[in-house]
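**Q** Got a file for you: input_19.csv, CSV, C-alpha atoms.
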```csv
chain,number,residue,atom,x,y,z
A,1,MET,CA,167.3,168.1,291.6
A,2,LYS,CA,164.5,168.3,294.2
A,3,LYS,CA,166.4,165.8,296.3
A,4,ALA,CA,169.5,167.9,296.0
A,5,PHE,CA,167.8,170.9,297.3
A,6,ARG,CA,166.2,169.0,300.2
A,7,ALA,CA,169.6,167.7,301.2
A,8,ALA,CA,171.3,171.1,300.8
A,9,PHE,CA,168.8,173.1,302.8
A,10,PRO,CA,169.8,172.0,306.3
A,11,VAL,CA,173.4,172.4,305.5
A,12,THR,CA,172.8,176.1,304.4
A,13,VAL,CA,170.8,177.1,307.5
A,14,PRO,CA,173.8,178.8,309.2
A,15,VAL,CA,174.4,180.8,306.0
A,16,LEU,CA,170.7,181.5,305.8
A,17,LEU,CA,170.9,183.2,309.2
A,18,GLY,CA,174.1,185.0,308.5
A,19,TYR,CA,173.1,186.2,305.0
A,20,LEU,CA,169.6,187.3,306.1
A,21,PHE,CA,171.1,189.4,308.9
A,22,VAL,CA,174.1,190.9,307.0
A,23,GLY,CA,172.0,191.3,303.9
A,24,LEU,CA,169.4,193.1,306.0
A,25,ALA,CA,172.1,195.4,307.3
A,26,PHE,CA,173.3,196.1,303.7
A,27,GLY,CA,169.7,196.8,302.7
A,28,VAL,CA,169.2,199.2,305.6
A,29,LEU,CA,172.3,201.2,304.6
A,30,LEU,CA,171.2,201.2,301.0
A,31,ARG,CA,167.8,202.6,301.9
A,32,GLN,CA,169.5,205.4,303.9
A,33,GLY,CA,171.4,206.3,300.7
A,34,GLY,CA,168.1,206.6,298.9
A,35,TYR,CA,168.0,203.2,297.0
A,36,GLY,CA,165.0,201.0,296.9
A,37,PRO,CA,164.4,197.2,296.7
A,38,LEU,CA,165.1,197.0,293.0
A,39,TRP,CA,168.5,198.5,293.4
A,40,ALA,CA,169.2,196.1,296.3
A,41,ALA,CA,168.2,193.1,294.2
A,42,GLY,CA,170.1,194.3,291.2
A,43,MET,CA,173.3,195.1,293.1
A,44,SER,CA,173.2,191.8,295.0
A,45,ALA,CA,172.7,189.8,291.8
A,46,ALA,CA,175.3,191.7,289.7
A,47,VAL,CA,178.1,191.8,292.3
A,48,TYR,CA,177.1,189.1,294.9
A,49,ALA,CA,180.0,189.6,297.3
A,50,GLY,CA,179.0,190.5,300.8
A,51,SER,CA,181.9,192.6,302.1
A,52,MET,CA,182.6,194.1,298.7
A,53,GLN,CA,179.0,195.4,298.5
A,54,PHE,CA,179.5,197.3,301.7
A,55,VAL,CA,182.7,198.8,300.3
A,56,MET,CA,180.9,199.6,297.1
A,57,LEU,CA,178.4,201.9,299.0
A,58,ASN,CA,181.3,204.3,299.4
A,59,PHE,CA,181.9,204.4,295.6
A,60,LEU,CA,178.3,205.2,294.7
A,61,GLY,CA,178.7,208.6,296.3
A,62,GLY,CA,181.4,209.6,293.8
A,63,GLY,CA,185.0,210.7,294.4
A,64,PHE,CA,186.5,207.5,292.8
A,65,SER,CA,187.3,206.9,289.2
A,66,LEU,CA,186.2,203.6,287.7
A,67,VAL,CA,189.8,202.4,287.5
A,68,GLN,CA,190.2,203.0,291.3
A,69,VAL,CA,186.9,201.2,291.8
A,70,ALA,CA,188.3,198.2,289.8
A,71,LEU,CA,191.6,198.2,291.7
A,72,MET,CA,189.9,198.3,295.1
A,73,THR,CA,187.5,195.5,294.1
A,74,LEU,CA,190.5,193.4,293.0
A,75,ALA,CA,192.2,194.0,296.3
A,76,VAL,CA,189.2,193.2,298.5
A,77,ASN,CA,188.2,190.2,296.4
A,78,PHE,CA,191.7,188.9,295.7
A,79,ARG,CA,191.1,186.0,298.2
A,80,HIS,CA,188.6,184.6,295.7
A,81,LEU,CA,191.5,183.7,293.4
A,82,PHE,CA,192.4,181.0,296.0
A,83,TYR,CA,188.9,179.8,296.5
A,84,GLY,CA,188.7,178.7,292.9
A,85,LEU,CA,191.9,176.7,293.2
A,86,SER,CA,190.2,174.2,295.5
A,87,PHE,CA,187.5,173.5,293.0
A,88,THR,CA,189.1,173.7,289.5
A,89,GLU,CA,188.7,170.0,288.9
A,90,ARG,CA,185.3,169.6,290.6
A,91,PHE,CA,183.6,172.5,288.8
A,92,ARG,CA,185.0,171.4,285.5
A,93,GLN,CA,183.0,168.2,285.8
A,94,MET,CA,179.7,170.2,286.3
A,95,GLY,CA,179.2,171.3,282.7
A,96,LYS,CA,177.4,174.6,282.1
A,97,LYS,CA,176.6,174.9,285.8
A,98,ARG,CA,180.2,175.6,286.4
A,99,TRP,CA,179.7,179.2,285.3
A,100,TYR,CA,177.1,179.7,288.0
A,101,MET,CA,179.4,178.0,290.5
A,102,ILE,CA,182.3,180.3,289.7
A,103,TYR,CA,180.1,183.4,289.8
A,104,SER,CA,178.5,182.4,293.2
A,105,LEU,CA,181.7,181.4,295.0
A,106,THR,CA,181.4,183.6,298.1
A,107,ASP,CA,183.3,183.1,301.4
A,108,GLU,CA,180.4,181.3,302.9
A,109,THR,CA,179.5,179.1,299.9
A,110,TYR,CA,183.2,178.2,299.7
A,111,SER,CA,183.2,177.2,303.3
A,112,LEU,CA,180.2,175.0,302.9
A,113,LEU,CA,181.5,173.4,299.7
A,114,CYS,CA,184.8,172.7,301.6
A,115,SER,CA,183.1,171.0,304.5
A,116,GLN,CA,180.0,169.2,303.0
A,117,ARG,CA,179.6,166.1,301.0
A,118,ALA,CA,176.4,165.0,299.3
A,119,PRO,CA,174.5,162.4,301.2
A,120,GLU,CA,174.0,159.0,299.5
A,121,GLY,CA,171.7,159.1,296.5
A,122,VAL,CA,172.3,162.7,295.7
A,123,GLU,CA,174.7,163.7,292.9
A,124,GLN,CA,177.6,165.8,294.2
A,125,GLY,CA,177.3,168.4,291.4
A,126,GLN,CA,173.6,169.0,292.0
A,127,PHE,CA,174.2,169.2,295.7
A,128,PHE,CA,176.9,171.9,295.2
A,129,PHE,CA,174.6,173.8,292.8
A,130,ALA,CA,171.7,173.7,295.3
A,131,ILE,CA,173.9,175.0,298.1
A,132,ALA,CA,175.2,177.9,295.9
A,133,LEU,CA,171.8,178.9,294.6
A,134,LEU,CA,170.1,178.8,298.1
A,135,ASP,CA,172.9,180.9,299.5
A,136,GLU,CA,172.5,183.6,296.9
A,137,LEU,CA,168.7,183.6,297.3
A,138,TYR,CA,169.2,184.2,301.1
A,139,TRP,CA,171.5,187.1,300.4
A,140,ILE,CA,169.2,188.8,297.9
A,141,ALA,CA,166.2,188.3,300.1
A,142,GLY,CA,168.1,189.8,303.1
A,143,ALA,CA,169.2,192.9,301.1
A,144,VAL,CA,165.7,193.5,299.6
A,145,LEU,CA,164.1,193.0,303.0
A,146,GLY,CA,166.5,195.6,304.5
A,147,THR,CA,165.4,198.3,302.0
A,148,VAL,CA,161.8,197.5,302.7
A,149,VAL,CA,161.7,197.3,306.5
A,150,GLY,CA,164.5,199.8,307.1
A,151,GLY,CA,164.6,200.9,310.7
A,152,LEU,CA,161.3,199.2,311.6
A,153,LEU,CA,162.8,196.1,313.3
A,154,PRO,CA,161.3,195.5,316.8
A,155,PHE,CA,164.6,194.6,318.5
A,156,ASP,CA,168.2,195.9,318.7
A,157,THR,CA,170.2,194.0,316.1
A,158,THR,CA,173.6,195.3,317.3
A,159,GLY,CA,176.1,192.5,317.2
A,160,ILE,CA,174.1,190.3,314.9
A,161,ASP,CA,177.0,190.4,312.4
A,162,PHE,CA,178.9,188.1,314.7
A,163,ALA,CA,177.0,185.2,313.0
A,164,MET,CA,179.5,185.5,310.1
A,165,THR,CA,182.5,185.3,312.5
A,166,ALA,CA,180.9,182.3,314.3
A,167,LEU,CA,180.4,180.5,311.0
A,168,PHE,CA,184.1,180.9,310.1
A,169,ILE,CA,185.1,179.7,313.6
A,170,VAL,CA,182.9,176.6,313.3
A,171,ILE,CA,184.5,175.7,309.9
A,172,ALA,CA,188.0,176.3,311.4
A,173,VAL,CA,187.2,174.0,314.3
A,174,GLU,CA,186.0,171.2,312.0
A,175,GLN,CA,189.1,171.6,309.8
A,176,TRP,CA,191.3,171.6,312.9
A,177,GLN,CA,189.8,168.2,313.8
A,178,ALA,CA,189.9,166.8,310.3
A,179,TYR,CA,193.4,167.7,309.2
A,180,LYS,CA,196.4,165.6,310.1
A,181,SER,CA,198.7,168.6,309.9
A,182,ARG,CA,198.0,171.6,312.1
A,183,PHE,CA,200.6,173.7,310.2
A,184,PRO,CA,198.3,175.2,307.5
A,185,ALA,CA,195.8,176.6,310.1
A,186,LEU,CA,198.4,177.8,312.5
A,187,TRP,CA,200.5,179.4,309.7
A,188,GLY,CA,197.4,181.2,308.3
A,189,ALA,CA,196.5,182.5,311.8
A,190,GLY,CA,200.1,183.6,312.3
A,191,CYS,CA,200.4,185.4,308.9
A,192,ALA,CA,197.1,187.2,309.6
A,193,LEU,CA,198.0,188.3,313.1
A,194,ALA,CA,201.5,189.4,312.1
A,195,CYS,CA,200.2,191.4,309.1
A,196,LEU,CA,197.4,192.9,311.1
A,197,LEU,CA,199.9,194.2,313.7
A,198,LEU,CA,202.3,195.5,311.1
A,199,LEU,CA,199.9,197.0,308.5
A,200,GLY,CA,196.7,197.7,310.4
A,201,PRO,CA,193.1,196.5,309.8
A,202,ASP,CA,192.6,198.1,306.4
A,203,LYS,CA,195.6,196.8,304.6
A,204,PHE,CA,196.6,193.4,306.1
A,205,LEU,CA,194.3,191.0,304.2
A,206,ILE,CA,196.1,190.7,300.9
A,207,PRO,CA,199.7,190.6,302.3
A,208,ALA,CA,198.5,187.9,304.8
A,209,LEU,CA,197.0,185.8,302.0
A,210,LEU,CA,200.2,186.1,299.9
A,211,LEU,CA,202.4,185.3,302.8
A,212,ALA,CA,200.3,182.3,303.7
A,213,VAL,CA,200.5,180.9,300.2
A,214,LEU,CA,204.2,181.4,299.9
A,215,GLY,CA,204.8,179.8,303.3
A,216,LEU,CA,202.7,176.8,302.4
A,217,LEU,CA,204.5,176.4,299.0
A,218,ALA,CA,207.9,176.6,300.7
A,219,CYS,CA,207.0,173.9,303.3
A,220,SER,CA,205.1,171.6,300.9
A,221,ARG,CA,207.4,168.6,301.4
A,222,PRO,CA,206.9,168.1,305.2
A,223,ILE,CA,203.2,169.0,304.9
A,224,VAL,CA,202.5,166.5,302.2
A,225,LYS,CA,204.4,163.9,304.1
A,226,LYS,CA,202.2,164.5,307.2
A,227,LEU,CA,198.9,164.7,305.3
A,228,GLY,CA,199.8,161.5,303.3
A,229,GLU,CA,199.6,161.2,299.5
A,230,GLU,CA,196.0,160.1,299.5
A,231,GLY,CA,193.5,162.8,298.4
A,232,GLU,CA,195.8,163.9,295.7
A,233,GLN,CA,193.4,164.7,292.9
B,1,MET,CA,175.0,211.2,291.2
B,2,SER,CA,173.5,210.0,287.9
B,3,ALA,CA,171.9,206.6,287.7
B,4,TRP,CA,174.3,205.7,284.9
B,5,ARG,CA,177.3,206.4,287.1
B,6,VAL,CA,175.8,204.0,289.7
B,7,VAL,CA,175.2,201.4,287.1
B,8,ALA,CA,178.8,201.7,285.8
B,9,VAL,CA,180.2,201.3,289.3
B,10,ILE,CA,178.0,198.2,289.9
B,11,ALA,CA,179.1,196.8,286.5
B,12,VAL,CA,182.8,197.3,287.2
B,13,VAL,CA,182.6,195.8,290.8
B,14,GLY,CA,180.6,192.9,289.4
B,15,ALA,CA,182.9,192.2,286.5
B,16,VAL,CA,186.1,192.3,288.6
B,17,THR,CA,184.5,190.2,291.3
B,18,PHE,CA,183.6,187.6,288.6
B,19,LEU,CA,187.1,187.8,287.2
B,20,THR,CA,188.8,187.0,290.6
B,21,ARG,CA,186.5,184.0,290.9
B,22,ALA,CA,187.0,182.8,287.4
B,23,ALA,CA,190.8,183.3,287.0
B,24,PRO,CA,191.9,179.9,288.4
B,25,PHE,CA,189.7,178.2,285.9
B,26,TRP,CA,191.0,180.1,282.9
B,27,PHE,CA,194.7,179.9,283.9
B,28,PHE,CA,194.6,176.1,284.4
B,29,LYS,CA,192.5,175.0,281.4
B,30,ARG,CA,194.7,172.0,280.6
B,31,GLY,CA,194.6,170.2,283.8
B,32,THR,CA,195.8,171.5,287.1
B,33,PRO,CA,199.5,171.5,288.0
B,34,ARG,CA,200.6,169.6,291.1
B,35,TRP,CA,201.3,172.7,293.1
B,36,VAL,CA,197.8,174.0,292.4
B,37,ASN,CA,196.3,170.7,293.7
B,38,TYR,CA,198.5,171.0,296.7
B,39,LEU,CA,197.4,174.5,297.4
B,40,GLY,CA,193.8,173.4,297.0
B,41,ARG,CA,194.3,170.9,299.8
B,42,VAL,CA,196.2,172.9,302.3
B,43,LEU,CA,194.8,176.4,301.7
B,44,PRO,CA,191.3,176.0,303.2
B,45,PRO,CA,192.4,175.8,306.9
B,46,ALA,CA,194.9,178.7,306.4
B,47,ILE,CA,192.3,180.9,304.7
B,48,MET,CA,189.7,180.1,307.3
B,49,ALA,CA,192.1,181.2,310.0
B,50,ILE,CA,192.8,184.4,308.1
B,51,LEU,CA,189.1,185.1,307.7
B,52,VAL,CA,188.4,184.7,311.4
B,53,VAL,CA,191.2,187.3,312.0
B,54,TYR,CA,189.7,189.4,309.3
B,55,CYS,CA,186.2,189.4,310.9
B,56,LEU,CA,187.8,190.5,314.2
B,57,ARG,CA,190.2,193.0,312.7
B,58,GLY,CA,188.3,196.0,314.2
B,59,VAL,CA,188.6,194.7,317.8
B,60,SER,CA,190.8,196.9,320.0
B,61,LEU,CA,192.5,195.0,322.8
B,62,LEU,CA,193.8,198.2,324.5
B,63,THR,CA,190.6,200.1,325.0
B,64,TYR,CA,187.4,199.1,326.8
B,65,PRO,CA,186.0,196.4,326.5
B,66,TYR,CA,189.4,194.9,325.5
B,67,GLY,CA,188.0,192.4,323.0
B,68,LEU,CA,186.2,190.5,325.8
B,69,PRO,CA,182.8,190.2,324.0
B,70,GLU,CA,184.6,188.6,321.0
B,71,LEU,CA,186.8,186.4,323.1
B,72,LEU,CA,183.9,185.1,325.2
B,73,ALA,CA,181.5,184.6,322.3
B,74,GLY,CA,184.3,183.0,320.2
B,75,ALA,CA,185.1,180.6,323.0
B,76,ALA,CA,181.4,179.8,323.3
B,77,VAL,CA,181.3,178.9,319.6
B,78,VAL,CA,184.3,176.6,319.9
B,79,GLY,CA,183.0,175.0,323.1
B,80,LEU,CA,179.5,174.5,321.8
B,81,HIS,CA,180.8,173.1,318.6
B,82,LEU,CA,183.2,170.6,320.3
B,83,TRP,CA,180.3,169.6,322.6
B,84,LYS,CA,177.3,169.4,320.3
B,85,LYS,CA,178.9,169.3,316.8
B,86,ASN,CA,175.9,171.2,315.4
B,87,ASN,CA,176.6,174.2,313.2
B,88,LEU,CA,173.4,176.0,314.0
B,89,ILE,CA,173.6,175.6,317.8
B,90,SER,CA,177.2,176.8,317.8
B,91,ILE,CA,176.5,179.9,315.5
B,92,LEU,CA,173.2,180.9,317.1
B,93,GLY,CA,174.5,180.4,320.6
B,94,GLY,CA,177.7,182.3,320.0
B,95,THR,CA,175.8,185.2,318.2
B,96,ALA,CA,173.1,185.5,320.9
B,97,LEU,CA,175.8,185.6,323.6
B,98,TYR,CA,177.7,188.2,321.6
B,99,MET,CA,174.5,190.4,321.2
B,100,VAL,CA,173.8,190.2,324.9
B,101,LEU,CA,177.4,191.0,325.8
B,102,VAL,CA,177.7,194.1,323.5
B,103,GLN,CA,174.2,195.4,324.2
B,104,LEU,CA,173.8,194.8,327.9
B,105,VAL,CA,177.0,193.6,329.7
B,106,PHE,CA,179.6,195.8,328.0
B,107,ALA,CA,177.2,198.5,326.8
B,108,GLY,CA,178.5,202.1,326.6
```
Go ahead and render the structure in this file as structure tokens.
**A**
Amino acid sequence: MKKAFRAAFPVTVPVLLGYLFVGLAFGVLLRQGGYGPLWAAGMSAAVYAGSMQFVMLNFLGGGFSLVQVALMTLAVNFRHLFYGLSFTERFRQMGKKRWYMIYSLTDETYSLLCSQRAPEGVEQGQFFFAIALLDELYWIAGAVLGTVVGGLLPFDTTGIDFAMTALFIVIAVEQWQAYKSRFPALWGAGCALACLLLLGPDKFLIPALLLAVLGLLACSRPIVKKLGEEGEQ
Amino acid sequence: MSAWRVVAVIAVVGAVTFLTRAAPFWFFKRGTPRWVNYLGRVLPPAIMAILVVYCLRGVSLLTYPYGLPELLAGAAVVGLHLWKKNNLISILGGTALYMVLVQLVFAG
């Protein structure tokens, strides 16, 4: 297990930076709402979904029924339905740890699991578990730190949230180079841009995801042909 | 706002979040169908492209600074990554450039 953590740590450094910064931002907002470090840790452990936790801050102030809260959460986190699809077989082989893997499958952990393979001598399941656990610890540490230091940071942190965008871009570049078919990436980008233009920034995510899935299903034959049958689980 | 209401909201958000992550595992208990395996293979690049757009959804191309900080910093990330192939260099370099751009170059 120790070996798995040692192998996982360098891989998670980008997420460490991203989560510390964004978690810090979340903590600072939480503190402004009058919540302390214990709330930060509790919320981050109970929910553990970066963007959703920011949305949740709006619910705490009231004005929403619990049913509305549930629906909103479903909409914002709907994309996670598709993350699990990539790992149904892999997680099933991980025994009881799979429950933790499912719970901790955030955007960033998903990205890392997609792009990283365990080095030789390290068991793949333990490697995945170490990545997921480290990521969550970074996030909780960032949020708690945010409520503690508040506005005391010695430099202007405006724009630091771009770290998250940069991480997604890096993964996209790696996939672009690794995949034999460009269609999935181009189709995803096209769906997102079209829906963004038509529906606006608050409502485009879910339709874009659904459109992307439908399009990929409709074009499965030519894509499978291009990718080759190998890699079929 | 009572503490119980806050706890209830956290519990609902946490439960639904877990549900969205667990659903694929419950629905496909007896082995995964072919189309699911197929989606598992081809979805990641599509989702990553969508997430990049999602991160940049608030950028306005029609008002100052016309998305230039995002465009330049994004290009820097791509360039650095093609050149050095090191996640940390690409992300740190791009983010640092972005912070300089929004705080100093395109400030106000």
**Q** With distances taken over only C-alpha atoms, which of A:Pro14, A:Leu24, A:Phe64, A:Phe155 is nearest to Ser90 in chain B?
**A**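 Of A:Pro14, A:Leu24, A:Phe64, A:Phe155, the one nearest Ser90 in chain B, counting only C-alpha atoms, is A:Pro14.
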**Q** Could you check which of A:Val55, A:Leu199, A:Leu112, A:Leu81 is closest to chain B, using all atoms listed in the file?
**A**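 The shortest atom-to-atom distance to chain B comes from A:Leu81.
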**Q** Within 7 Å of chain B, which residues of chain A show up? Give each one with its shortest atom-to-atom distance in Å (one decimal) and the two atoms involved, counting all atoms listed in the file, rows by chain then rising residue number, as JSON lines.
**A**
```
{"residue": "A:Pro14", "atom": "CA", "partner": "B:Leu88", "partner_atom": "CA", "distance": 5.6}
{"residue": "A:Met43", "atom": "CA", "partner": "B:Ile10", "partner_atom": "CA", "distance": 6.5}
{"residue": "A:Ala46", "atom": "CA", "partner": "B:Gly14", "partner_atom": "CA", "distance": 5.4}
{"residue": "A:Val47", "atom": "CA", "partner": "B:Gly14", "partner_atom": "CA", "distance": 4.0}
{"residue": "A:Leu60", "atom": "CA", "partner": "B:Val6", "partner_atom": "CA", "distance": 5.7}
{"residue": "A:Gly61", "atom": "CA", "partner": "B:Met1", "partner_atom": "CA", "distance": 6.8}
{"residue": "A:Leu66", "atom": "CA", "partner": "B:Val9", "partner_atom": "CA", "distance": 6.6}
{"residue": "A:Val69", "atom": "CA", "partner": "B:Val13", "partner_atom": "CA", "distance": 7.0}
{"residue": "A:Ala70", "atom": "CA", "partner": "B:Val12", "partner_atom": "CA", "distance": 6.1}
{"residue": "A:Thr73", "atom": "CA", "partner": "B:Val13", "partner_atom": "CA", "distance": 5.9}
{"residue": "A:Leu74", "atom": "CA", "partner": "B:Val16", "partner_atom": "CA", "distance": 6.3}
{"residue": "A:Asn77", "atom": "CA", "partner": "B:Thr17", "partner_atom": "CA", "distance": 6.3}
{"residue": "A:Phe78", "atom": "CA", "partner": "B:Thr20", "partner_atom": "CA", "distance": 6.2}
{"residue": "A:His80", "atom": "CA", "partner": "B:Arg21", "partner_atom": "CA", "distance": 5.3}
{"residue": "A:Leu81", "atom": "CA", "partner": "B:Thr20", "partner_atom": "CA", "distance": 5.1}
{"residue": "A:Gly84", "atom": "CA", "partner": "B:Pro24", "partner_atom": "CA", "distance": 5.7}
{"residue": "A:Leu85", "atom": "CA", "partner": "B:Gly40", "partner_atom": "CA", "distance": 5.4}
{"residue": "A:Ser86", "atom": "CA", "partner": "B:Gly40", "partner_atom": "CA", "distance": 4.0}
{"residue": "A:Thr88", "atom": "CA", "partner": "B:Phe25", "partner_atom": "CA", "distance": 5.8}
{"residue": "A:Ile102", "atom": "CA", "partner": "B:Arg21", "partner_atom": "CA", "distance": 5.7}
{"residue": "A:Tyr103", "atom": "CA", "partner": "B:Phe18", "partner_atom": "CA", "distance": 5.6}
{"residue": "A:Leu105", "atom": "CA", "partner": "B:Arg21", "partner_atom": "CA", "distance": 6.8}
{"residue": "A:Thr158", "atom": "CA", "partner": "B:Met99", "partner_atom": "CA", "distance": 6.3}
{"residue": "A:Gly159", "atom": "CA", "partner": "B:Met99", "partner_atom": "CA", "distance": 4.8}
{"residue": "A:Ile160", "atom": "CA", "partner": "B:Thr95", "partner_atom": "CA", "distance": 6.3}
{"residue": "A:Phe162", "atom": "CA", "partner": "B:Thr95", "partner_atom": "CA", "distance": 5.5}
{"residue": "A:Ala163", "atom": "CA", "partner": "B:Thr95", "partner_atom": "CA", "distance": 5.3}
{"residue": "A:Thr165", "atom": "CA", "partner": "B:Cys55", "partner_atom": "CA", "distance": 5.7}
{"residue": "A:Ala166", "atom": "CA", "partner": "B:Ile91", "partner_atom": "CA", "distance": 5.2}
{"residue": "A:Leu167", "atom": "CA", "partner": "B:Ile91", "partner_atom": "CA", "distance": 6.0}
{"residue": "A:Phe168", "atom": "CA", "partner": "B:Val52", "partner_atom": "CA", "distance": 5.9}
{"residue": "A:Ile169", "atom": "CA", "partner": "B:Val52", "partner_atom": "CA", "distance": 6.4}
{"residue": "A:Val170", "atom": "CA", "partner": "B:His81", "partner_atom": "CA", "distance": 6.7}
{"residue": "A:Ala172", "atom": "CA", "partner": "B:Met48", "partner_atom": "CA", "distance": 5.8}
{"residue": "A:Val173", "atom": "CA", "partner": "B:Val78", "partner_atom": "CA", "distance": 6.8}
{"residue": "A:Gln175", "atom": "CA", "partner": "B:Pro45", "partner_atom": "CA", "distance": 6.1}
{"residue": "A:Pro184", "atom": "CA", "partner": "B:Ala46", "partner_atom": "CA", "distance": 5.0}
{"residue": "A:Ala185", "atom": "CA", "partner": "B:Ala46", "partner_atom": "CA", "distance": 4.3}
{"residue": "A:Trp187", "atom": "CA", "partner": "B:Ala46", "partner_atom": "CA", "distance": 6.5}
{"residue": "A:Gly188", "atom": "CA", "partner": "B:Ala46", "partner_atom": "CA", "distance": 4.0}
{"residue": "A:Ala189", "atom": "CA", "partner": "B:Ala49", "partner_atom": "CA", "distance": 4.9}
{"residue": "A:Ala192", "atom": "CA", "partner": "B:Ile50", "partner_atom": "CA", "distance": 5.3}
{"residue": "A:Leu193", "atom": "CA", "partner": "B:Val53", "partner_atom": "CA", "distance": 7.0}
{"residue": "A:Pro201", "atom": "CA", "partner": "B:Arg57", "partner_atom": "CA", "distance": 5.4}
{"residue": "A:Gln233", "atom": "CA", "partner": "B:Asn37", "partner_atom": "CA", "distance": 6.7}
```
**Q** Mind pulling up the distance from CA of Thr109 in chain A to CA of Ala141 in chain A?
**A**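 We find that CA of Ala141 in chain A and CA of Thr109 in chain A lie 16.2 Å from each other.
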**Q** Find the residues around Val15 in chain A up to 8 Å (all atoms listed in the file counted), leave out those fewer than 3 positions away in its own chain, and share them as a list in words.
**A**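 Surrounding residues, per the criterion: Thr12, Gly18, Tyr19, Glu108, Asp135, Tyr138 and Leu167 of chain A.
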**Q** Missing atoms in range 206-211 of chain A need filling: write out all heavy atoms for it as a short mmCIF file (atom, residue, chain, number, x, y, z; two decimals), in the coordinates of the input.
**A**
```cif
data_model
loop_
_atom_site.label_atom_id
_atom_site.label_comp_id
_atom_site.auth_asym_id
_atom_site.auth_seq_id
_atom_site.Cartn_x
_atom_site.Cartn_y
_atom_site.Cartn_z
N ILE A 206 195.41 191.23 302.05
CA ILE A 206 196.10 190.70 300.90
C ILE A 206 197.52 190.24 301.20
O ILE A 206 197.89 189.12 300.83
CB ILE A 206 196.17 191.82 299.76
CG1 ILE A 206 194.77 192.40 299.50
CG2 ILE A 206 196.79 191.27 298.48
CD1 ILE A 206 193.79 191.44 298.97
N PRO A 207 198.34 191.06 301.91
CA PRO A 207 199.70 190.60 302.30
C PRO A 207 199.60 189.26 303.10
O PRO A 207 200.41 188.36 302.88
CB PRO A 207 200.24 191.69 303.15
CG PRO A 207 199.51 192.91 302.70
CD PRO A 207 198.14 192.47 302.31
N ALA A 208 198.63 189.16 304.00
CA ALA A 208 198.50 187.90 304.80
C ALA A 208 198.24 186.73 303.91
O ALA A 208 198.82 185.66 304.10
CB ALA A 208 197.41 188.11 305.85
N LEU A 209 197.34 186.90 302.93
CA LEU A 209 197.00 185.80 302.00
C LEU A 209 198.27 185.39 301.21
O LEU A 209 198.56 184.20 301.07
CB LEU A 209 195.92 186.23 301.05
CG LEU A 209 194.50 186.17 301.60
CD1 LEU A 209 193.53 186.87 300.67
CD2 LEU A 209 194.08 184.73 301.81
N LEU A 210 198.98 186.39 300.69
CA LEU A 210 200.20 186.10 299.90
C LEU A 210 201.23 185.38 300.72
O LEU A 210 201.81 184.37 300.30
CB LEU A 210 200.74 187.37 299.28
CG LEU A 210 199.87 187.99 298.18
CD1 LEU A 210 200.44 189.32 297.72
CD2 LEU A 210 199.75 187.03 296.99
N LEU A 211 201.45 185.89 301.92
CA LEU A 211 202.40 185.30 302.80
C LEU A 211 202.04 183.84 303.14
O LEU A 211 202.88 182.93 303.16
CB LEU A 211 202.50 186.11 304.11
CG LEU A 211 203.73 185.96 304.98
CD1 LEU A 211 204.98 186.35 304.20
CD2 LEU A 211 203.60 186.84 306.23
#
```
